[in-house]
$ cat run.txt   # compact mmCIF, C-alpha atoms
# COMPACT_ATOMS: atom_id res chain seq x y z
CA MET U 1 19.44 17.74 -109.28
CA PRO U 2 18.93 16.84 -105.64
CA SER U 3 16.72 13.87 -104.87
CA PRO U 4 13.30 14.52 -103.34
CA THR U 5 14.39 12.87 -100.05
CA SER U 6 17.58 14.84 -99.57
CA THR U 7 17.77 17.77 -97.13
CA PRO U 8 19.43 21.04 -98.08
CA ASP U 9 22.83 21.71 -96.62
CA THR U 10 22.61 24.96 -94.72
CA GLY U 11 26.27 24.85 -93.71
CA ASP U 12 25.57 25.17 -89.96
CA THR U 13 24.62 21.56 -89.12
CA ASP U 14 26.03 20.38 -85.73
CA LEU U 15 26.83 16.68 -85.86
CA HIS U 16 26.44 16.51 -82.06
CA THR U 17 22.94 18.03 -82.07
CA PRO U 18 20.00 15.80 -83.05
CA LEU U 19 16.73 17.05 -84.47
CA SER U 20 15.34 17.46 -80.95
CA GLY U 21 17.91 20.15 -80.26
CA VAL U 22 19.30 18.35 -77.15
CA PRO U 23 23.07 17.80 -77.33
CA LEU U 24 24.19 14.19 -77.56
CA THR U 25 27.34 14.91 -75.59
CA GLN U 26 27.34 16.00 -71.97
CA GLY U 27 29.95 16.64 -69.35
CA GLN U 28 31.27 13.66 -67.42
CA LEU U 29 32.03 13.20 -63.77
CA PRO U 30 35.62 12.38 -62.86
CA LYS U 31 36.47 8.69 -62.73
CA TYR U 32 36.97 8.92 -58.99
CA ALA U 33 33.58 10.56 -58.39
CA SER U 34 31.69 7.42 -57.32
CA TRP U 35 34.47 6.28 -55.00
CA ALA U 36 34.88 9.75 -53.51
CA VAL U 37 31.16 10.08 -52.78
CA LEU U 38 31.12 6.54 -51.38
CA ALA U 39 34.06 7.34 -49.07
CA VAL U 40 32.38 10.49 -47.80
CA ALA U 41 29.10 8.62 -47.25
CA ALA U 42 30.95 5.87 -45.37
CA LEU U 43 32.64 8.43 -43.14
CA PHE U 44 29.26 10.03 -42.55
CA GLY U 45 27.80 6.66 -41.53
CA LEU U 46 30.75 5.93 -39.24
CA GLY U 47 30.26 9.32 -37.65
CA LEU U 48 26.60 8.60 -36.96
CA TRP U 49 27.50 5.24 -35.46
CA TRP U 50 30.48 6.33 -33.41
CA LEU U 51 29.83 9.95 -32.48
CA ALA U 52 26.03 10.12 -32.51
CA ASP U 53 25.68 6.61 -31.01
CA TRP U 54 23.39 5.38 -33.79
CA ASN U 55 22.60 1.74 -34.47
CA ILE U 56 25.10 0.44 -37.02
CA ALA U 57 22.37 -0.84 -39.34
CA GLY U 58 20.55 2.50 -39.27
CA ALA U 59 23.79 4.40 -39.86
CA ALA U 60 24.60 2.16 -42.86
CA ILE U 61 21.15 2.72 -44.38
CA VAL U 62 21.37 6.50 -43.94
CA ALA U 63 24.88 6.51 -45.46
CA ALA U 64 23.67 4.49 -48.46
CA ALA U 65 20.72 6.84 -48.97
CA ALA U 66 23.02 9.85 -48.75
CA TYR U 67 25.33 8.33 -51.36
CA ALA U 68 22.44 7.72 -53.76
CA VAL U 69 21.10 11.27 -53.37
CA VAL U 70 24.48 12.97 -53.76
CA ILE U 71 25.63 10.93 -56.75
CA TYR U 72 22.28 11.46 -58.48
CA ALA U 73 22.25 15.23 -57.91
CA TRP U 74 25.86 15.64 -58.96
CA SER U 75 25.43 13.50 -62.07
CA ARG U 76 22.21 15.29 -63.07
CA THR U 77 23.96 18.65 -62.84
CA VAL U 78 27.01 17.60 -64.86
CA GLU U 79 25.94 14.68 -67.04
CA GLY U 80 22.24 15.21 -67.52
CA PRO U 81 19.12 13.32 -66.36
CA ARG U 82 19.69 10.16 -68.40
CA LYS U 83 23.11 9.37 -66.96
CA ALA U 84 21.94 10.44 -63.53
CA LYS U 85 19.11 7.91 -63.59
CA ASP U 86 21.57 5.22 -64.64
CA ARG U 87 23.85 6.04 -61.72
CA LEU U 88 20.88 6.11 -59.32
CA VAL U 89 19.63 2.70 -60.43
CA THR U 90 23.17 1.31 -60.20
CA ALA U 91 23.44 2.63 -56.64
CA LEU U 92 20.06 1.11 -55.69
CA VAL U 93 20.89 -2.30 -57.16
CA THR U 94 24.33 -2.34 -55.52
CA GLY U 95 22.79 -1.27 -52.21
CA ALA U 96 20.20 -4.06 -52.40
CA PHE U 97 22.97 -6.59 -53.08
CA LEU U 98 25.01 -5.38 -50.11
CA LEU U 99 21.91 -5.37 -47.91
CA ALA U 100 21.25 -9.01 -48.83
CA LEU U 101 24.90 -9.81 -48.17
CA LEU U 102 24.94 -8.30 -44.66
CA PRO U 103 23.20 -11.23 -42.89
CA LEU U 104 25.61 -13.71 -44.49
CA ILE U 105 28.63 -11.64 -43.48
CA SER U 106 27.22 -11.22 -39.97
CA VAL U 107 26.68 -14.98 -39.57
CA ILE U 108 30.15 -15.83 -40.87
CA VAL U 109 31.89 -13.26 -38.66
CA THR U 110 29.93 -14.31 -35.57
CA VAL U 111 30.46 -18.04 -36.04
CA VAL U 112 34.15 -17.70 -36.89
CA SER U 113 34.89 -15.34 -33.98
CA LYS U 114 33.11 -17.57 -31.44
CA GLY U 115 33.96 -20.96 -32.92
CA LEU U 116 37.73 -20.65 -33.32
CA ALA U 117 38.21 -20.80 -29.54
CA ARG U 118 37.67 -24.59 -29.53
CA PHE U 119 39.34 -25.48 -32.83
CA ASP U 120 42.05 -27.57 -31.17
CA SER U 121 43.29 -31.15 -31.40
CA GLU U 122 41.13 -32.32 -28.49
CA PHE U 123 37.99 -31.02 -30.18
CA PHE U 124 38.58 -33.23 -33.23
CA THR U 125 39.92 -36.36 -31.48
CA HIS U 126 37.75 -36.79 -28.37
CA SER U 127 34.10 -37.49 -27.64
CA MET U 128 31.93 -36.18 -24.80
CA ARG U 129 31.96 -39.37 -22.75
CA GLY U 130 32.55 -38.44 -19.10
CA VAL U 131 32.95 -34.71 -19.86
CA LEU U 132 30.90 -32.36 -17.69
CA GLY U 133 32.67 -29.01 -18.03
CA GLU U 134 35.61 -27.95 -20.14
CA GLY U 135 37.21 -30.17 -22.73
CA GLY U 136 35.59 -32.85 -24.83
CA GLY U 137 35.16 -32.88 -28.57
CA VAL U 138 33.08 -33.86 -31.57
CA TYR U 139 34.90 -36.87 -32.93
CA HIS U 140 31.85 -39.07 -32.36
CA ALA U 141 29.57 -36.47 -34.00
CA ILE U 142 31.84 -36.09 -37.03
CA MET U 143 31.90 -39.84 -37.61
CA GLY U 144 28.16 -40.10 -37.08
CA THR U 145 27.51 -37.33 -39.61
CA LEU U 146 29.77 -38.96 -42.20
CA ILE U 147 28.19 -42.41 -41.72
CA ILE U 148 24.57 -41.22 -41.84
CA THR U 149 25.14 -38.85 -44.76
CA GLY U 150 27.06 -41.55 -46.62
CA LEU U 151 24.21 -44.02 -46.19
CA ALA U 152 21.71 -41.39 -47.34
CA THR U 153 23.85 -40.80 -50.43
CA VAL U 154 24.05 -44.52 -51.20
CA ILE U 155 20.25 -44.71 -51.01
CA SER U 156 19.41 -41.48 -52.83
CA VAL U 157 21.83 -41.38 -55.75
CA PRO U 158 20.83 -44.64 -57.48
CA VAL U 159 17.12 -44.03 -56.90
CA GLY U 160 17.32 -40.41 -58.03
CA MET U 161 19.43 -41.11 -61.11
CA LEU U 162 17.29 -44.04 -62.28
CA THR U 163 14.14 -41.97 -61.78
CA ALA U 164 15.60 -39.12 -63.82
CA ILE U 165 16.69 -41.53 -66.58
CA TYR U 166 13.17 -42.94 -66.75
CA LEU U 167 11.58 -39.48 -66.92
CA VAL U 168 13.92 -38.24 -69.68
CA GLU U 169 14.52 -41.36 -71.76
CA TYR U 170 11.44 -43.54 -71.25
CA GLY U 171 8.73 -41.65 -69.40
CA LYS U 172 5.51 -40.88 -71.25
CA GLY U 173 1.88 -40.56 -70.28
CA LYS U 174 0.23 -40.42 -66.87
CA LEU U 175 2.89 -42.34 -64.94
CA ALA U 176 5.65 -39.89 -65.88
CA LYS U 177 3.40 -36.95 -65.03
CA ALA U 178 2.55 -38.50 -61.65
CA ILE U 179 6.23 -39.10 -60.84
CA THR U 180 7.09 -35.52 -61.81
CA PHE U 181 4.29 -34.22 -59.61
CA PHE U 182 5.40 -36.22 -56.57
CA VAL U 183 9.03 -35.20 -57.06
CA ASP U 184 7.91 -31.56 -57.04
CA VAL U 185 5.92 -32.18 -53.85
CA MET U 186 8.85 -33.92 -52.16
CA THR U 187 11.15 -31.04 -53.03
CA GLY U 188 9.11 -28.69 -50.86
CA ILE U 189 8.24 -30.86 -47.85
CA PRO U 190 9.54 -29.65 -44.46
CA SER U 191 12.49 -31.61 -43.11
CA ILE U 192 10.64 -32.51 -39.91
CA VAL U 193 8.06 -34.36 -42.01
CA ALA U 194 10.82 -36.57 -43.42
CA GLY U 195 12.01 -37.27 -39.89
CA LEU U 196 8.52 -38.18 -38.70
CA PHE U 197 8.05 -40.45 -41.72
CA ALA U 198 11.25 -42.38 -40.97
CA TYR U 199 10.40 -42.57 -37.26
CA SER U 200 6.88 -43.89 -37.96
CA LEU U 201 8.21 -46.43 -40.47
CA PHE U 202 10.77 -47.93 -38.07
CA ALA U 203 8.41 -47.75 -35.08
CA LEU U 204 5.91 -49.86 -37.02
CA LEU U 205 8.55 -52.29 -38.33
CA PHE U 206 10.16 -52.89 -34.93
CA ASP U 207 7.02 -52.30 -32.82
CA ASN U 208 9.00 -49.93 -30.61
CA THR U 209 8.05 -46.26 -30.18
CA GLY U 210 11.34 -45.44 -28.48
CA ILE U 211 13.60 -46.73 -31.23
CA ARG U 212 16.48 -44.53 -32.37
CA MET U 213 19.25 -45.51 -34.80
CA GLY U 214 21.47 -44.03 -37.46
CA MET U 215 19.71 -45.85 -40.29
CA MET U 216 16.51 -44.00 -39.46
CA GLY U 217 18.35 -40.71 -39.94
CA ALA U 218 19.77 -41.93 -43.26
CA ILE U 219 16.26 -42.78 -44.49
CA ALA U 220 14.98 -39.36 -43.41
CA LEU U 221 17.83 -37.56 -45.17
CA SER U 222 17.36 -39.66 -48.31
CA VAL U 223 13.74 -38.49 -48.50
CA LEU U 224 15.05 -34.91 -48.64
CA MET U 225 17.98 -35.71 -50.92
CA THR U 226 16.30 -37.87 -53.56
CA PRO U 227 14.16 -35.14 -55.23
CA VAL U 228 17.22 -32.86 -55.48
CA VAL U 229 19.16 -35.64 -57.23
CA VAL U 230 16.20 -36.34 -59.53
CA ARG U 231 15.81 -32.71 -60.56
CA SER U 232 19.52 -32.02 -61.11
CA THR U 233 20.07 -35.27 -63.04
CA GLU U 234 16.95 -34.70 -65.14
CA GLU U 235 18.08 -31.22 -66.17
CA MET U 236 21.56 -32.48 -67.07
CA LEU U 237 20.18 -35.33 -69.18
CA LYS U 238 17.93 -32.91 -71.05
CA LEU U 239 21.01 -30.88 -72.03
CA VAL U 240 22.55 -33.85 -73.88
CA PRO U 241 21.97 -33.22 -77.63
CA ASN U 242 19.56 -35.63 -79.30
CA GLU U 243 22.00 -35.90 -82.20
CA LEU U 244 24.30 -37.99 -79.99
CA ARG U 245 21.50 -40.42 -79.23
CA GLU U 246 20.43 -40.61 -82.86
CA ALA U 247 24.00 -41.26 -84.02
CA SER U 248 24.28 -44.12 -81.55
CA TYR U 249 20.95 -45.59 -82.63
CA ALA U 250 22.03 -45.34 -86.29
CA LEU U 251 24.99 -47.59 -85.49
CA GLY U 252 22.66 -50.22 -84.11
CA VAL U 253 23.44 -49.60 -80.42
CA PRO U 254 20.50 -50.49 -78.16
CA LYS U 255 18.87 -47.79 -76.07
CA TRP U 256 20.14 -48.98 -72.69
CA ARG U 257 23.71 -49.06 -73.96
CA THR U 258 23.32 -45.63 -75.55
CA ILE U 259 22.22 -44.25 -72.18
CA LEU U 260 25.08 -45.99 -70.38
CA LYS U 261 27.89 -45.20 -72.83
CA VAL U 262 26.81 -41.92 -74.45
CA VAL U 263 24.21 -40.00 -72.44
CA LEU U 264 25.49 -40.50 -68.89
CA PRO U 265 29.20 -39.79 -69.65
CA THR U 266 28.19 -36.59 -71.45
CA ALA U 267 26.14 -35.41 -68.48
CA LEU U 268 28.56 -36.72 -65.83
CA ALA U 269 29.92 -33.34 -64.75
CA GLY U 270 26.49 -31.84 -64.13
CA ILE U 271 25.20 -34.99 -62.39
CA ALA U 272 28.21 -35.13 -60.06
CA THR U 273 27.80 -31.44 -59.25
CA GLY U 274 24.10 -31.93 -58.47
CA VAL U 275 24.83 -34.90 -56.21
CA THR U 276 27.50 -32.96 -54.32
CA LEU U 277 25.15 -30.02 -53.80
CA ALA U 278 22.42 -32.43 -52.64
CA ILE U 279 24.82 -33.79 -50.00
CA ALA U 280 25.59 -30.24 -48.89
CA ARG U 281 21.84 -29.61 -48.70
CA VAL U 282 21.15 -32.39 -46.18
CA ILE U 283 24.36 -32.62 -44.16
CA GLY U 284 23.29 -29.75 -41.90
CA GLU U 285 19.70 -30.86 -41.30
CA THR U 286 18.81 -30.96 -37.62
CA ALA U 287 15.06 -31.56 -37.23
CA PRO U 288 14.86 -35.04 -38.82
CA LEU U 289 17.94 -36.22 -36.93
CA LEU U 290 16.54 -35.00 -33.62
CA VAL U 291 13.53 -37.27 -34.15
CA THR U 292 15.26 -40.32 -35.62
CA VAL U 293 18.83 -40.48 -34.29
CA GLY U 294 18.93 -38.50 -31.05
CA ILE U 295 22.24 -37.88 -29.33
CA THR U 296 24.86 -39.80 -27.39
CA THR U 297 28.01 -38.76 -25.59
CA GLY U 298 30.15 -41.73 -26.65
CA ASP U 299 31.32 -43.37 -29.84
CA ASN U 300 28.72 -45.43 -31.70
CA PHE U 301 29.53 -46.08 -35.34
CA ASP U 302 26.92 -48.81 -35.92
CA PRO U 303 23.95 -47.24 -37.77
CA PHE U 304 21.75 -50.22 -36.89
CA ASP U 305 22.30 -50.16 -33.13
CA ASP U 306 20.94 -47.43 -30.85
CA ARG U 307 21.57 -43.69 -30.93
CA MET U 308 24.36 -41.89 -32.73
CA ALA U 309 25.76 -38.36 -32.52
CA THR U 310 25.72 -35.93 -35.45
CA LEU U 311 27.15 -32.44 -35.78
CA PRO U 312 23.85 -30.52 -36.13
CA VAL U 313 22.23 -32.30 -33.18
CA PHE U 314 25.42 -31.98 -31.12
CA ALA U 315 25.48 -28.22 -31.67
CA TYR U 316 21.77 -27.99 -30.85
CA TYR U 317 22.02 -29.82 -27.52
CA GLN U 318 25.19 -28.01 -26.50
CA TYR U 319 23.34 -24.73 -26.95
CA VAL U 320 19.91 -25.54 -25.46
CA ALA U 321 21.17 -27.68 -22.57
CA PRO U 322 24.54 -26.28 -21.45
CA GLY U 323 26.16 -27.51 -18.32
CA THR U 324 27.44 -25.53 -15.35
CA PRO U 325 29.18 -23.26 -16.13
CA PRO U 326 27.57 -22.86 -19.59
CA GLU U 327 30.55 -21.29 -21.36
CA PRO U 328 32.33 -24.55 -22.35
CA SER U 329 29.14 -25.97 -23.86
CA LEU U 330 28.47 -22.79 -25.81
CA ASP U 331 32.03 -22.79 -27.12
CA ARG U 332 31.58 -26.36 -28.34
CA ALA U 333 28.28 -25.41 -30.00
CA TRP U 334 29.85 -22.51 -31.91
CA ALA U 335 32.82 -24.67 -32.92
CA ALA U 336 30.50 -27.41 -34.23
CA ALA U 337 28.53 -24.81 -36.21
CA LEU U 338 31.77 -23.46 -37.71
CA LEU U 339 32.83 -26.99 -38.66
CA LEU U 340 29.49 -27.55 -40.42
CA ILE U 341 29.89 -24.31 -42.39
CA ILE U 342 33.39 -25.36 -43.44
CA ILE U 343 32.14 -28.79 -44.56
CA VAL U 344 29.34 -27.26 -46.64
CA MET U 345 31.77 -24.76 -48.18
CA VAL U 346 34.20 -27.54 -49.07
CA LEU U 347 31.40 -29.56 -50.67
CA ASN U 348 30.41 -26.57 -52.79
CA LEU U 349 34.03 -26.08 -53.86
CA ILE U 350 34.24 -29.78 -54.76
CA ALA U 351 31.09 -29.41 -56.85
CA ARG U 352 32.63 -26.54 -58.78
CA LEU U 353 35.89 -28.47 -59.24
CA ILE U 354 34.03 -31.53 -60.53
CA SER U 355 32.07 -29.38 -62.95
CA ARG U 356 35.27 -27.83 -64.26
CA LEU U 357 37.29 -31.05 -64.52
CA PHE U 358 34.63 -33.28 -66.07
CA ALA U 359 32.96 -30.77 -68.34
CA PRO U 360 32.98 -31.83 -72.02
CA LYS U 361 36.10 -30.56 -73.73
CA THR U 362 35.51 -28.24 -76.68
CA ARG U 363 38.00 -27.33 -79.38
CA GLY U 364 38.72 -23.64 -79.42
$ encode --input "run.txt" --output "structure tokens"
Amino acid sequence: MPSPTSTPDTGDTDLHTPLSGVPLTQGQLPKYASWAVLAVAALFGLGLWWLADWNIAGAAIVAAAAYAVVIYAWSRTVEGPRKAKDRLVTALVTGAFLLALLPLISVIVTVVSKGLARFDSEFFTHSMRGVLGEGGGVYHAIMGTLIITGLATVISVPVGMLTAIYLVEYGKGKLAKAITFFVDVMTGIPSIVAGLFAYSLFALLFDNTGIRMGMMGAIALSVLMTPVVVRSTEEMLKLVPNELREASYALGVPKWRTILKVVLPTALAGIATGVTLAIARVIGETAPLLVTVGITTGDNFDPFDDRMATLPVFAYYQYVAPGTPPEPSLDRAWAAALLLIIIVMVLNLIARLISRLFAPKTRG
């Protein structure tokens, strides 16, 4: 006897047809459909740009819109509305990603095309002392950037790491909340404010409103770098399992030694990555260095004596105050900008390498 919940077998049940009567299976577009439509849309955009003399950005937008419309209509006809909506949303998300990527690609192409002209041996081995037209280089600016950024790192890393250790391991109550609040505020301050702070501090200490030196720039950069180090180190320390701390305490190890021998080595990869990214964050700052360090045409590698040259400020002055003719100065500015981009890219690659090499090993 059939159970009360069973349904009679009529013999004509279609396993591919649900109770709603809408088939679960639909036709499918060919695998090459998306690429074919994309190729046609790209050719259409190129035609608008080349033959109809459209702006390239407008032609790209029209081509992307045409692709979305065509792929949606085709998919809706063959695959049904559900799959068509999925393809439409995929096209919109991909288009938004490419649209966000266009400025980056444009900057890279422009800087590389205009900066490679001066990537020669003279550019890396000579300064601008006595150079009025063609020639000259950025050796003095490279060394100044390395010295000032290195000093900022020496100042920021110990302060930032110790602050993060206090917040994670010791901090409780109003003091920890106040420190967290001020770190959040410092993270968002404009870079020119850091430069003005360092300038005001040294002007008061030396009673000289015209003072400029590399150490002032290092202090300004450390103000920008310290909150980044604090935040990255704090997040890495929070990821260390409490079980490791408790196991160390159970063996009678004091807290300071547990932090030094257990917590910090476990979080080393993330801390090193955060520090490297913090260096990349400040190495291209221009506004604070304009106020605190200034510019010079010759070699000065003493951060406590007079002005120094840095790559961002060098590129700025070569662009806003070119000589006669202006072309050599502009070439040097583009080359300095390209060198800065390469340095930042290398620092990011180093951060990824450190994260991969020093990450805790797990048994698979």
$ atom_distance --input "run.txt" --atom1 "CA of Pro227 (chain U)" --atom2 "CA of Met186 (chain U)"
6.3 Å
$ residues_near_point --input "run.txt" --point "(29.4, -25.2, -35.4)" --cutoff "12 Å" --atoms "all atoms listed in the file" --output "PyMOL selection string"
chain U and resi 107-108+110-119+123+137-138+141-142+284+310-319+329-344
$ residues_around --input "run.txt" --residues "region 231-247 of chain U" --least-positions-apart "3" --cutoff "12 Å" --atoms "all atoms listed in the file" --output "ChimeraX atom specification"
/U:156-169,171,179-187,225-228,250-278,355,359-360
$ residues_around --input "run.txt" --residues "Val293 (chain U)" --least-positions-apart "4" --cutoff "6 Å" --atoms "all atoms listed in the file" --output "JSON, numbers by chain"
{"U": [212, 213, 214, 217, 289, 307, 308]}
$ atom_distance --input "run.txt" --atom1 "CA of Gly188 (chain U)" --atom2 "CA of Gly173 (chain U)"
23.9 Å
$ closest_residue --input "run.txt" --among "U:Gly133, U:Gly95, U:Pro326, U:Gly144" --to "Ala65 (chain U)" --atoms "all atoms listed in the file"
U:Gly95
$ residues_around --input "run.txt" --residues "Ala33 (chain U)" --least-positions-apart "2" --cutoff "12 Å" --atoms "all atoms listed in the file" --output "PyMOL selection string"
chain U and resi 28-31+35-40+67+70-72+74-75+78+87
$ atom_distance --input "run.txt" --atom1 "CA of Met345 (chain U)" --atom2 "CA of Gly298 (chain U)"
27.5 Å
$ residues_around --input "run.txt" --residues "Leu48 (chain U)" --least-positions-apart "3" --cutoff "9 Å" --atoms "all atoms listed in the file" --output "PyMOL selection string"
chain U and resi 43-45+51-56+58-60+62-63
$ closest_residue --input "run.txt" --among "U:Ala152, U:Ile283, U:Leu347, U:Ile189" --to "Ala220 (chain U)" --atoms "all atoms listed in the file"
U:Ala152
$ closest_residue --input "run.txt" --among "U:Thr286, U:Phe304, U:Gly323, U:Asp299" --to "His140 (chain U)" --atoms "all atoms listed in the file"
U:Asp299
$ residues_around --input "run.txt" --residues "Pro190 (chain U)" --least-positions-apart "3" --cutoff "10 Å" --atoms "only C-alpha atoms" --output "tab-separated table (two decimals) with C-alpha atoms, in the coordinates of the input"
chain	number	residue	atom	x	y	z
U	186	MET	CA	8.85	-33.92	-52.16
U	187	THR	CA	11.15	-31.04	-53.03
U	193	VAL	CA	8.06	-34.36	-42.01
U	194	ALA	CA	10.82	-36.57	-43.42
U	195	GLY	CA	12.01	-37.27	-39.89
U	224	LEU	CA	15.05	-34.91	-48.64
U	287	ALA	CA	15.06	-31.56	-37.23
U	288	PRO	CA	14.86	-35.04	-38.82
$ closest_residue --input "run.txt" --among "U:Thr149, U:Val291, U:Ala42, U:Thr94" --to "Ala198 (chain U)" --atoms "all atoms listed in the file"
U:Val291
$ closest_residue --input "run.txt" --among "U:Ser106, U:Thr297, U:Ser121, U:Thr90" --to "Ala57 (chain U)" --atoms "all atoms listed in the file"
U:Ser106
